[in-house]
>>> print(open('data-v3.tsv').read())   # TSV, C-alpha atoms
chain	number	residue	atom	x	y	z
A	1	MET	CA	24.04	-9.70	-3.40
A	2	THR	CA	23.88	-8.64	-7.06
A	3	ILE	CA	20.85	-6.73	-8.25
A	4	TYR	CA	19.56	-6.75	-11.82
A	5	CYS	CA	16.47	-5.26	-13.40
A	6	LEU	CA	14.41	-5.70	-16.52
A	7	PRO	CA	14.67	-2.85	-19.08
A	8	ASP	CA	10.94	-2.17	-18.54
A	9	PHE	CA	11.52	-1.80	-14.82
A	10	LYS	CA	14.11	0.93	-15.47
A	11	SER	CA	11.68	2.75	-17.80
A	12	VAL	CA	8.92	2.72	-15.17
A	13	VAL	CA	11.26	3.97	-12.44
A	14	ASP	CA	12.60	6.74	-14.71
A	15	LYS	CA	9.04	7.81	-15.53
A	16	LEU	CA	7.84	7.76	-11.92
A	17	SER	CA	10.93	9.60	-10.64
A	18	LYS	CA	9.99	12.61	-12.73
A	19	LYS	CA	6.64	13.00	-10.99
A	20	ARG	CA	6.68	14.93	-7.74
A	21	SER	CA	4.36	12.56	-5.90
A	22	TYR	CA	6.53	9.56	-6.79
A	23	ASN	CA	10.02	11.04	-6.68
A	24	THR	CA	10.94	8.97	-3.59
A	25	ILE	CA	10.85	5.76	-5.65
A	26	GLU	CA	14.64	5.50	-6.08
A	27	GLU	CA	15.18	6.34	-2.43
A	28	GLN	CA	12.78	3.57	-1.41
A	29	ILE	CA	14.45	1.04	-3.73
A	30	ILE	CA	17.85	1.94	-2.29
A	31	GLU	CA	16.54	1.73	1.28
A	32	TYR	CA	14.97	-1.68	0.78
A	33	PHE	CA	17.32	-3.48	-1.61
A	34	PHE	CA	20.69	-1.93	-0.82
A	35	ASN	CA	20.35	-1.63	2.94
A	36	ASN	CA	19.03	-5.14	3.57
A	37	SER	CA	20.42	-8.65	3.34
A	38	ILE	CA	19.03	-11.32	1.03
A	39	GLU	CA	17.27	-12.85	4.05
A	40	ASP	CA	15.63	-9.52	4.89
A	41	ILE	CA	14.15	-9.10	1.43
A	42	LYS	CA	12.45	-12.49	1.65
A	43	SER	CA	9.30	-10.81	2.90
A	44	GLY	CA	5.96	-9.76	1.46
A	45	ALA	CA	3.89	-12.27	-0.49
A	46	ARG	CA	5.66	-15.18	-2.18
A	47	LEU	CA	3.83	-15.87	-5.41
A	48	ASN	CA	5.44	-19.07	-6.67
A	49	HIS	CA	5.99	-21.49	-3.73
A	50	SER	CA	9.69	-21.68	-4.59
A	51	GLN	CA	12.16	-22.04	-1.73
A	52	THR	CA	15.22	-21.26	-3.83
A	53	GLU	CA	13.87	-18.76	-6.38
A	54	PRO	CA	11.00	-16.97	-4.67
A	55	TYR	CA	8.96	-14.57	-6.80
A	56	ILE	CA	7.93	-11.84	-4.40
A	57	LYS	CA	5.42	-9.03	-4.27
A	58	LYS	CA	6.33	-6.46	-1.65
A	59	ARG	CA	4.66	-3.28	-0.45
A	60	LEU	CA	7.33	-0.65	0.09
A	61	GLN	CA	6.70	1.62	3.06
A	62	GLY	CA	6.33	5.32	2.34
A	63	ALA	CA	4.61	7.72	-0.02
A	64	GLY	CA	3.06	6.30	-3.20
A	65	GLY	CA	2.44	2.86	-1.70
A	66	PHE	CA	4.73	1.22	-4.26
A	67	ARG	CA	4.23	-2.47	-5.07
A	68	MET	CA	7.45	-4.18	-6.09
A	69	TYR	CA	7.66	-7.47	-7.93
A	70	TYR	CA	11.02	-9.22	-7.87
A	71	LEU	CA	12.68	-12.58	-8.11
A	72	VAL	CA	15.39	-13.75	-5.73
A	73	ASN	CA	17.85	-16.45	-6.66
A	74	ILE	CA	18.96	-17.43	-3.17
A	75	PRO	CA	21.79	-19.88	-4.04
A	76	GLN	CA	23.34	-17.37	-6.46
A	77	GLU	CA	22.51	-14.34	-4.27
A	78	LYS	CA	20.94	-12.51	-7.17
A	79	VAL	CA	17.86	-10.27	-7.19
A	80	TYR	CA	15.88	-9.41	-10.31
A	81	LEU	CA	13.67	-6.32	-10.11
A	82	MET	CA	10.77	-7.01	-12.43
A	83	PHE	CA	7.97	-4.49	-12.05
A	84	VAL	CA	6.82	-1.65	-9.82
A	85	HIS	CA	3.62	0.35	-9.65
A	86	PRO	CA	2.28	2.92	-7.23
A	87	LYS	CA	-0.95	2.21	-5.40
A	88	THR	CA	-2.05	5.82	-5.04
A	89	GLY	CA	-1.99	9.05	-7.04
A	90	SER	CA	-2.44	9.76	-10.75
A	91	GLU	CA	-0.41	6.69	-11.85
A	92	GLY	CA	-1.78	4.52	-9.06
A	93	SER	CA	-3.49	1.23	-9.79
A	94	ASP	CA	-4.95	-1.74	-7.98
A	95	ASN	CA	-3.42	-5.17	-7.70
A	96	ILE	CA	-2.23	-6.42	-11.10
A	97	THR	CA	-4.06	-9.39	-12.61
A	98	ASP	CA	-2.85	-12.97	-12.37
A	99	ALA	CA	-2.23	-12.93	-16.13
A	100	SER	CA	0.10	-9.93	-15.65
A	101	LYS	CA	1.85	-11.64	-12.73
A	102	ALA	CA	2.44	-14.66	-14.97
A	103	LYS	CA	3.63	-12.50	-17.87
A	104	ILE	CA	6.30	-10.57	-15.98
A	105	TYR	CA	7.42	-13.88	-14.43
A	106	LYS	CA	7.90	-15.31	-17.92
A	107	ASP	CA	9.57	-12.06	-19.05
A	108	VAL	CA	12.19	-12.27	-16.33
A	109	LEU	CA	12.98	-15.89	-17.22
A	110	GLN	CA	13.50	-14.89	-20.86
A	111	ALA	CA	15.56	-11.84	-19.85
A	112	ILE	CA	17.84	-14.03	-17.70
A	113	LYS	CA	18.30	-16.46	-20.60
A	114	ASP	CA	19.04	-13.62	-23.05
A	115	LYS	CA	21.07	-11.63	-20.50
A	116	ASN	CA	18.81	-8.73	-21.39
A	117	LEU	CA	19.09	-7.09	-17.99
A	118	PHE	CA	20.70	-4.07	-16.39
A	119	LYS	CA	22.98	-4.54	-13.43
A	120	VAL	CA	21.76	-2.07	-10.82
A	121	LYS	CA	24.36	-0.46	-8.60
A	122	LEU	CA	24.49	2.25	-5.99
A	123	GLU	CA	27.00	4.96	-6.85
A	124	ASP	CA	27.28	8.20	-4.86
A	125	GLY	CA	23.93	7.49	-3.27
A	126	GLN	CA	22.16	7.07	-6.61
A	127	LEU	CA	20.99	4.09	-8.65
A	128	THR	CA	22.96	3.41	-11.80
A	129	TYR	CA	21.94	1.02	-14.53
A	130	ASN	CA	24.91	-0.80	-16.01
A	131	ASP	CA	25.63	-3.45	-18.59
A	132	PHE	CA	24.72	-7.01	-17.56
A	133	ASN	CA	28.40	-8.03	-17.66
A	134	ASP	CA	29.64	-5.05	-15.68
A	135	PRO	CA	31.98	-6.27	-12.89
A	136	ASP	CA	30.60	-6.17	-9.33
B	1	MET	CA	-38.40	64.79	5.71
B	2	GLU	CA	-34.76	64.31	6.69
B	3	CYS	CA	-35.82	63.53	10.24
B	4	LEU	CA	-38.09	60.71	9.02
B	5	GLU	CA	-35.20	59.07	7.15
B	6	SER	CA	-33.04	59.28	10.24
B	7	LYS	CA	-35.75	57.76	12.35
B	8	ASP	CA	-36.06	54.85	9.89
B	9	THR	CA	-32.32	54.26	10.03
B	10	ILE	CA	-32.32	54.33	13.81
B	11	GLU	CA	-35.31	51.99	13.92
B	12	THR	CA	-33.64	49.51	11.55
B	13	THR	CA	-30.42	49.63	13.55
B	14	PHE	CA	-32.40	49.22	16.76
B	15	GLN	CA	-34.05	46.04	15.37
B	16	VAL	CA	-30.74	44.56	14.26
B	17	VAL	CA	-29.08	45.25	17.61
B	18	ARG	CA	-32.12	43.98	19.53
B	19	ASP	CA	-32.17	40.71	17.54
B	20	ALA	CA	-28.43	40.25	17.84
B	21	SER	CA	-28.51	40.86	21.55
B	22	TYR	CA	-31.41	38.47	22.07
B	23	SER	CA	-29.76	35.73	19.98
B	24	GLU	CA	-26.52	36.03	21.90
B	25	LYS	CA	-28.35	35.81	25.22
B	26	LYS	CA	-30.10	32.64	24.07
B	27	LEU	CA	-26.96	31.11	22.53
B	28	LYS	CA	-25.24	28.67	24.82
B	29	VAL	CA	-21.46	29.10	24.65
B	30	PRO	CA	-19.74	25.81	25.42
B	31	THR	CA	-18.04	25.77	28.77
B	32	GLU	CA	-14.36	24.92	29.11
B	33	GLU	CA	-15.41	21.50	30.35
B	34	GLU	CA	-17.58	20.89	27.27
B	35	ILE	CA	-14.82	22.01	24.90
B	36	ASN	CA	-12.35	19.72	26.66
B	37	LYS	CA	-14.77	16.81	26.38
B	38	PHE	CA	-15.17	17.48	22.63
B	39	LEU	CA	-11.39	17.57	22.16
B	40	ASP	CA	-11.02	14.39	24.24
B	41	ASN	CA	-13.50	12.65	21.95
B	42	ILE	CA	-11.43	13.62	18.90
B	43	LEU	CA	-8.28	12.31	20.58
B	44	GLU	CA	-10.12	9.11	21.49
B	45	LEU	CA	-11.23	8.68	17.86
B	46	GLN	CA	-7.64	9.22	16.65
B	47	ARG	CA	-6.37	6.60	19.15
B	48	LEU	CA	-9.09	4.15	18.13
B	49	LEU	CA	-8.22	4.53	14.43
B	50	LEU	CA	-4.53	4.10	15.15
B	51	ASP	CA	-5.23	0.89	17.12
B	52	LYS	CA	-7.42	-0.43	14.33
B	53	THR	CA	-4.75	0.40	11.72
B	54	VAL	CA	-2.06	-1.44	13.70
B	55	LYS	CA	-4.36	-4.45	14.08
B	56	ILE	CA	-5.16	-4.54	10.33
B	57	GLU	CA	-1.46	-4.26	9.44
B	58	TYR	CA	-0.71	-7.17	11.77
B	59	VAL	CA	-3.41	-9.32	10.12
B	60	THR	CA	-2.08	-8.38	6.66
B	61	GLU	CA	1.41	-9.44	7.68
B	62	LEU	CA	0.11	-12.77	9.00
B	63	LEU	CA	-1.74	-13.41	5.72
B	64	GLU	CA	1.43	-12.66	3.75
B	65	LYS	CA	3.38	-15.13	5.89
B	66	ILE	CA	0.98	-17.89	4.85
B	67	THR	CA	2.42	-17.61	1.32
B	68	TRP	CA	5.82	-18.70	2.68
B	69	LEU	CA	4.57	-22.03	4.05
B	70	ASP	CA	6.19	-24.90	2.21
B	71	LYS	CA	4.27	-27.98	3.32
B	72	ILE	CA	0.77	-27.50	1.96
B	73	ASN	CA	-1.61	-30.42	1.48
B	74	GLU	CA	-5.31	-30.64	0.61
B	75	ASP	CA	-6.35	-30.05	4.25
B	76	CYS	CA	-4.21	-26.93	4.37
B	77	LEU	CA	-5.85	-25.64	1.18
B	78	ILE	CA	-9.30	-26.14	2.71
B	79	GLN	CA	-8.15	-24.19	5.78
B	80	ILE	CA	-6.69	-21.43	3.60
B	81	ASN	CA	-9.94	-21.22	1.64
B	82	THR	CA	-11.86	-20.74	4.91
B	83	LEU	CA	-9.28	-18.20	6.06
B	84	ILE	CA	-9.78	-16.20	2.85
B	85	GLY	CA	-13.55	-16.15	3.50
B	86	VAL	CA	-13.11	-14.90	7.08
B	87	ALA	CA	-10.57	-12.30	5.95
B	88	LYS	CA	-13.00	-11.05	3.29
B	89	ASP	CA	-15.69	-10.71	5.95
B	90	PHE	CA	-13.25	-8.74	8.13
B	91	HIS	CA	-12.50	-6.48	5.15
B	92	SER	CA	-16.22	-5.85	4.49
B	93	THR	CA	-16.76	-4.84	8.11
B	94	LEU	CA	-13.85	-2.41	7.94
B	95	ILE	CA	-15.12	-0.88	4.70
B	96	ARG	CA	-18.52	-0.26	6.34
B	97	GLN	CA	-16.73	1.44	9.25
B	98	PHE	CA	-14.72	3.58	6.83
B	99	VAL	CA	-17.88	4.69	5.00
B	100	ARG	CA	-19.39	5.78	8.33
B	101	LEU	CA	-16.29	7.92	8.91
B	102	ASN	CA	-16.93	9.93	5.73
B	103	PHE	CA	-18.91	12.57	7.61
B	104	ILE	CA	-16.11	13.11	10.12
B	105	ARG	CA	-13.52	13.15	7.33
B	106	SER	CA	-15.50	15.81	5.44
B	107	LYS	CA	-15.22	18.01	8.55
B	108	GLY	CA	-11.43	17.66	8.48
B	109	ILE	CA	-11.33	15.74	11.76
B	110	ALA	CA	-8.72	12.95	12.19
B	111	LYS	CA	-7.95	13.25	8.47
B	112	GLN	CA	-4.50	11.68	8.63
B	113	GLU	CA	-5.64	8.80	10.86
B	114	ILE	CA	-8.56	8.04	8.52
B	115	LYS	CA	-6.17	8.09	5.54
B	116	HIS	CA	-3.85	5.55	7.21
B	117	PHE	CA	-6.86	3.46	8.24
B	118	LYS	CA	-8.04	3.32	4.60
B	119	SER	CA	-4.57	2.51	3.34
B	120	ALA	CA	-4.34	-0.41	5.81
B	121	ILE	CA	-7.78	-1.66	4.62
B	122	ASP	CA	-6.56	-1.52	0.99
B	123	ASN	CA	-3.41	-3.44	1.88
B	124	LEU	CA	-5.53	-6.07	3.61
B	125	LYS	CA	-7.62	-6.40	0.45
B	126	ASP	CA	-4.43	-6.87	-1.59
B	127	SER	CA	-3.09	-9.56	0.72
B	128	ILE	CA	-6.40	-11.48	0.53
B	129	ALA	CA	-6.30	-11.32	-3.28
B	130	ASP	CA	-2.67	-12.48	-3.19
B	131	LEU	CA	-3.62	-15.50	-1.08
B	132	GLU	CA	-6.22	-16.48	-3.67
B	133	SER	CA	-3.68	-16.03	-6.46
B	134	VAL	CA	-0.89	-17.96	-4.76
B	135	PHE	CA	-2.92	-20.98	-3.68
B	136	PHE	CA	-5.78	-21.17	-6.17
B	137	SER	CA	-5.30	-19.17	-9.38
B	138	LEU	CA	-1.63	-19.11	-10.32
B	139	PRO	CA	-1.04	-22.87	-9.70
B	140	GLN	CA	-3.75	-23.53	-12.29
B	141	MET	CA	-1.85	-21.64	-14.98
B	142	PRO	CA	0.42	-24.16	-16.77
B	143	GLU	CA	2.62	-21.38	-18.14
B	144	PHE	CA	3.26	-20.07	-14.64
B	145	ASN	CA	4.26	-23.52	-13.38
B	146	ASP	CA	6.52	-24.05	-16.39
B	147	THR	CA	8.34	-20.79	-15.62
B	148	THR	CA	8.94	-21.93	-12.03
B	149	LYS	CA	10.37	-25.24	-13.27
B	150	GLU	CA	12.63	-23.55	-15.83
B	151	LEU	CA	13.92	-21.03	-13.32
B	152	SER	CA	14.91	-23.82	-10.94
B	153	LEU	CA	17.04	-25.36	-13.71
B	154	LEU	CA	19.00	-22.22	-14.60
>>> encode(input="data-v3.tsv", output="structure tokens")
Amino acid sequence: MTIYCLPDFKSVVDKLSKKRSYNTIEEQIIEYFFNNSIEDIKSGARLNHSQTEPYIKKRLQGAGGFRMYYLVNIPQEKVYLMFVHPKTGSEGSDNITDASKAKIYKDVLQAIKDKNLFKVKLEDGQLTYNDFNDPD
Amino acid sequence: MECLESKDTIETTFQVVRDASYSEKKLKVPTEEEINKFLDNILELQRLLLDKTVKIEYVTELLEKITWLDKINEDCLIQINTLIGVAKDFHSTLIRQFVRLNFIRSKGIAKQEIKHFKSAIDNLKDSIADLESVFFSLPQMPEFNDTTKELSLL
């Protein structure tokens, strides 16, 4: 399974990681996306009715109540991390609007076309953001 | 003169001690049995909140699973619409219960359990809103449907 993310996703994670109440964000991403199979991450709410490219909203367990939005390309075994926001605390917010859900969905399509994505890897227990063409 | 001052002091002290003594005699100190009953009630409340939280989380999970159903026709949409209504009613009931717990929360009793209870209620609210989005709002956005089509062709 290869994991990519939008540049905006990286910025949000970097910002949240610096705050004490959200500094488990990377840990939670690692736990969920790097310790599970592609079948396991097909959970949460599927937003687009697609069997092969489900667009998923998932509540991560743990502090902050993070909401993750991601796209899974099942045939190609690729995951695209699109957006994350905490539910609680100073940066916490309610459910995003349908217009926002549609926008980040369109953004990821464009990013895939333009190859404007980071390849996310786990190195020495930490997330690293690499060039799109970086070898697996 | 000095003797009068002393007498006043003694009299004042006498009144304070007399009142304190009388109050203490009247005051009913809870028995061990009563204290145990009070603590049992707190434990019972904590158990009740935990059970409720587990039940709400289970319902939330079931609602999320509805979004993974692939064969949805008009009848299914009518059923889902009814389901959303019932789930909203369930949510309203839980919110009323949470509001009634405010007094207990302000006393610092079962604080953690009430926090988890509220978090489960919020997650339920999210999953109801997601159901509406998935089956009724997002499919009506042409741009959203176009993105799905384009992604399937990549």
>>> residues_around(input="data-v3.tsv", residues="range 88-94 of chain B", least_positions_apart="4", cutoff="7 Å", atoms="all atoms listed in the file", output="VMD selection string")
chain B and resid 84 98 121 125
>>> interface_residues(input="data-v3.tsv", of="chain B", to="chain A", cutoff="12 Å", atoms="all atoms listed in the file", output="NGL selection string")
:B and (57 or 60-72 or 115-116 or 118-120 or 122-154)
>>> atom_distance(input="data-v3.tsv", atom1="CA of Gln61 in chain A", atom2="CA of Glu31 in chain A")
10.0 Å
>>> residues_around(input="data-v3.tsv", residues="Gln46 in chain B", least_positions_apart="3", cutoff="12 Å", atoms="all atoms listed in the file", output="MDAnalysis selection string")
chainID B and resid 39:43 49:53 101 104:105 109:117
>>> atom_distance(input="data-v3.tsv", atom1="CA of Val72 in chain A", atom2="CA of Leu127 in chain A")
18.9 Å
>>> atom_distance(input="data-v3.tsv", atom1="CA of Phe118 in chain A", atom2="CA of Asn23 in chain A")
20.9 Å
>>> residues_around(input="data-v3.tsv", residues="His85 in chain A", least_positions_apart="6", cutoff="7 Å", atoms="all atoms listed in the file", output="count of residues only")
4
>>> closest_residue(input="data-v3.tsv", among="A:Ile41, A:Leu122, A:Ile25, A:Leu6", to="Ile74 in chain A", atoms="only C-alpha atoms")
A:Ile41
>>> closest_residue(input="data-v3.tsv", among="A:Val79, A:Gly125, A:Asp134, A:Glu91", to="Lys18 in chain A", atoms="all atoms listed in the file")
A:Glu91
>>> closest_residue(input="data-v3.tsv", among="A:Ile29, A:Glu123, A:Tyr80, A:Glu39", to="Thr2 in chain A", atoms="all atoms listed in the file")
A:Tyr80
>>> decode(input="data-v3.tsv", residues="range 30-101 of chain B", atoms="C-alpha atoms", output="PDB file, in the first residue's frame")
ATOM      1  CA  PRO B  30     -23.851  10.204  57.745  1.00  0.00           C
ATOM      2  CA  THR B  31     -23.454   6.654  58.899  1.00  0.00           C
ATOM      3  CA  GLU B  32     -21.061   4.267  57.164  1.00  0.00           C
ATOM      4  CA  GLU B  33     -24.082   2.678  55.511  1.00  0.00           C
ATOM      5  CA  GLU B  34     -25.284   6.041  54.160  1.00  0.00           C
ATOM      6  CA  ILE B  35     -21.826   6.931  52.840  1.00  0.00           C
ATOM      7  CA  ASN B  36     -21.568   3.543  51.138  1.00  0.00           C
ATOM      8  CA  LYS B  37     -24.984   4.028  49.556  1.00  0.00           C
ATOM      9  CA  PHE B  38     -23.906   7.456  48.236  1.00  0.00           C
ATOM     10  CA  LEU B  39     -20.710   5.979  46.766  1.00  0.00           C
ATOM     11  CA  ASP B  40     -22.696   3.087  45.267  1.00  0.00           C
ATOM     12  CA  ASN B  41     -24.977   5.597  43.543  1.00  0.00           C
ATOM     13  CA  ILE B  42     -21.958   7.333  41.984  1.00  0.00           C
ATOM     14  CA  LEU B  43     -20.615   3.989  40.782  1.00  0.00           C
ATOM     15  CA  GLU B  44     -24.046   3.136  39.393  1.00  0.00           C
ATOM     16  CA  LEU B  45     -24.157   6.457  37.521  1.00  0.00           C
ATOM     17  CA  GLN B  46     -20.671   5.820  36.089  1.00  0.00           C
ATOM     18  CA  ARG B  47     -21.757   2.328  34.932  1.00  0.00           C
ATOM     19  CA  LEU B  48     -24.952   3.707  33.413  1.00  0.00           C
ATOM     20  CA  LEU B  49     -23.036   6.368  31.464  1.00  0.00           C
ATOM     21  CA  LEU B  50     -20.522   3.817  30.247  1.00  0.00           C
ATOM     22  CA  ASP B  51     -23.340   1.528  29.023  1.00  0.00           C
ATOM     23  CA  LYS B  52     -25.022   4.435  27.267  1.00  0.00           C
ATOM     24  CA  THR B  53     -21.730   5.474  25.633  1.00  0.00           C
ATOM     25  CA  VAL B  54     -21.121   1.941  24.332  1.00  0.00           C
ATOM     26  CA  LYS B  55     -24.669   1.801  22.962  1.00  0.00           C
ATOM     27  CA  ILE B  56     -24.317   5.181  21.199  1.00  0.00           C
ATOM     28  CA  GLU B  57     -20.971   4.153  19.688  1.00  0.00           C
ATOM     29  CA  TYR B  58     -22.574   0.955  18.392  1.00  0.00           C
ATOM     30  CA  VAL B  59     -25.425   2.925  16.767  1.00  0.00           C
ATOM     31  CA  THR B  60     -22.902   5.351  15.225  1.00  0.00           C
ATOM     32  CA  GLU B  61     -20.974   2.443  13.747  1.00  0.00           C
ATOM     33  CA  LEU B  62     -24.158   0.953  12.290  1.00  0.00           C
ATOM     34  CA  LEU B  63     -25.066   4.297  10.695  1.00  0.00           C
ATOM     35  CA  GLU B  64     -21.589   4.547   9.158  1.00  0.00           C
ATOM     36  CA  LYS B  65     -21.957   1.051   7.698  1.00  0.00           C
ATOM     37  CA  ILE B  66     -25.062   2.179   5.819  1.00  0.00           C
ATOM     38  CA  THR B  67     -22.781   4.395   3.690  1.00  0.00           C
ATOM     39  CA  TRP B  68     -21.032   1.252   2.403  1.00  0.00           C
ATOM     40  CA  LEU B  69     -24.197  -0.313   0.955  1.00  0.00           C
ATOM     41  CA  ASP B  70     -23.929  -0.574  -2.808  1.00  0.00           C
ATOM     42  CA  LYS B  71     -27.416  -1.511  -3.964  1.00  0.00           C
ATOM     43  CA  ILE B  72     -29.577   1.477  -3.114  1.00  0.00           C
ATOM     44  CA  ASN B  73     -32.907   2.095  -4.827  1.00  0.00           C
ATOM     45  CA  GLU B  74     -35.735   4.563  -4.204  1.00  0.00           C
ATOM     46  CA  ASP B  75     -37.258   2.356  -1.468  1.00  0.00           C
ATOM     47  CA  CYS B  76     -33.909   2.210   0.296  1.00  0.00           C
ATOM     48  CA  LEU B  77     -33.647   6.012   0.181  1.00  0.00           C
ATOM     49  CA  ILE B  78     -37.091   6.330   1.768  1.00  0.00           C
ATOM     50  CA  GLN B  79     -35.971   3.926   4.516  1.00  0.00           C
ATOM     51  CA  ILE B  80     -32.728   5.852   5.017  1.00  0.00           C
ATOM     52  CA  ASN B  81     -34.663   9.111   5.254  1.00  0.00           C
ATOM     53  CA  THR B  82     -36.841   7.596   8.002  1.00  0.00           C
ATOM     54  CA  LEU B  83     -33.745   6.215   9.708  1.00  0.00           C
ATOM     55  CA  ILE B  84     -32.183   9.696   9.744  1.00  0.00           C
ATOM     56  CA  GLY B  85     -35.345  11.065  11.413  1.00  0.00           C
ATOM     57  CA  VAL B  86     -35.315   8.382  14.119  1.00  0.00           C
ATOM     58  CA  ALA B  87     -31.578   8.871  14.692  1.00  0.00           C
ATOM     59  CA  LYS B  88     -32.111  12.625  15.093  1.00  0.00           C
ATOM     60  CA  ASP B  89     -34.811  11.937  17.675  1.00  0.00           C
ATOM     61  CA  PHE B  90     -32.414   9.613  19.525  1.00  0.00           C
ATOM     62  CA  HIS B  91     -29.781  12.375  19.455  1.00  0.00           C
ATOM     63  CA  SER B  92     -32.225  14.965  20.868  1.00  0.00           C
ATOM     64  CA  THR B  93     -33.113  12.645  23.745  1.00  0.00           C
ATOM     65  CA  LEU B  94     -29.448  12.128  24.550  1.00  0.00           C
ATOM     66  CA  ILE B  95     -28.744  15.863  24.475  1.00  0.00           C
ATOM     67  CA  ARG B  96     -31.570  16.434  26.981  1.00  0.00           C
ATOM     68  CA  GLN B  97     -30.039  13.760  29.229  1.00  0.00           C
ATOM     69  CA  PHE B  98     -26.624  15.407  28.932  1.00  0.00           C
ATOM     70  CA  VAL B  99     -28.041  18.806  29.904  1.00  0.00           C
ATOM     71  CA  ARG B 100     -29.582  17.240  33.025  1.00  0.00           C
ATOM     72  CA  LEU B 101     -26.125  15.928  33.947  1.00  0.00           C
TER      73      LEU B 101
END
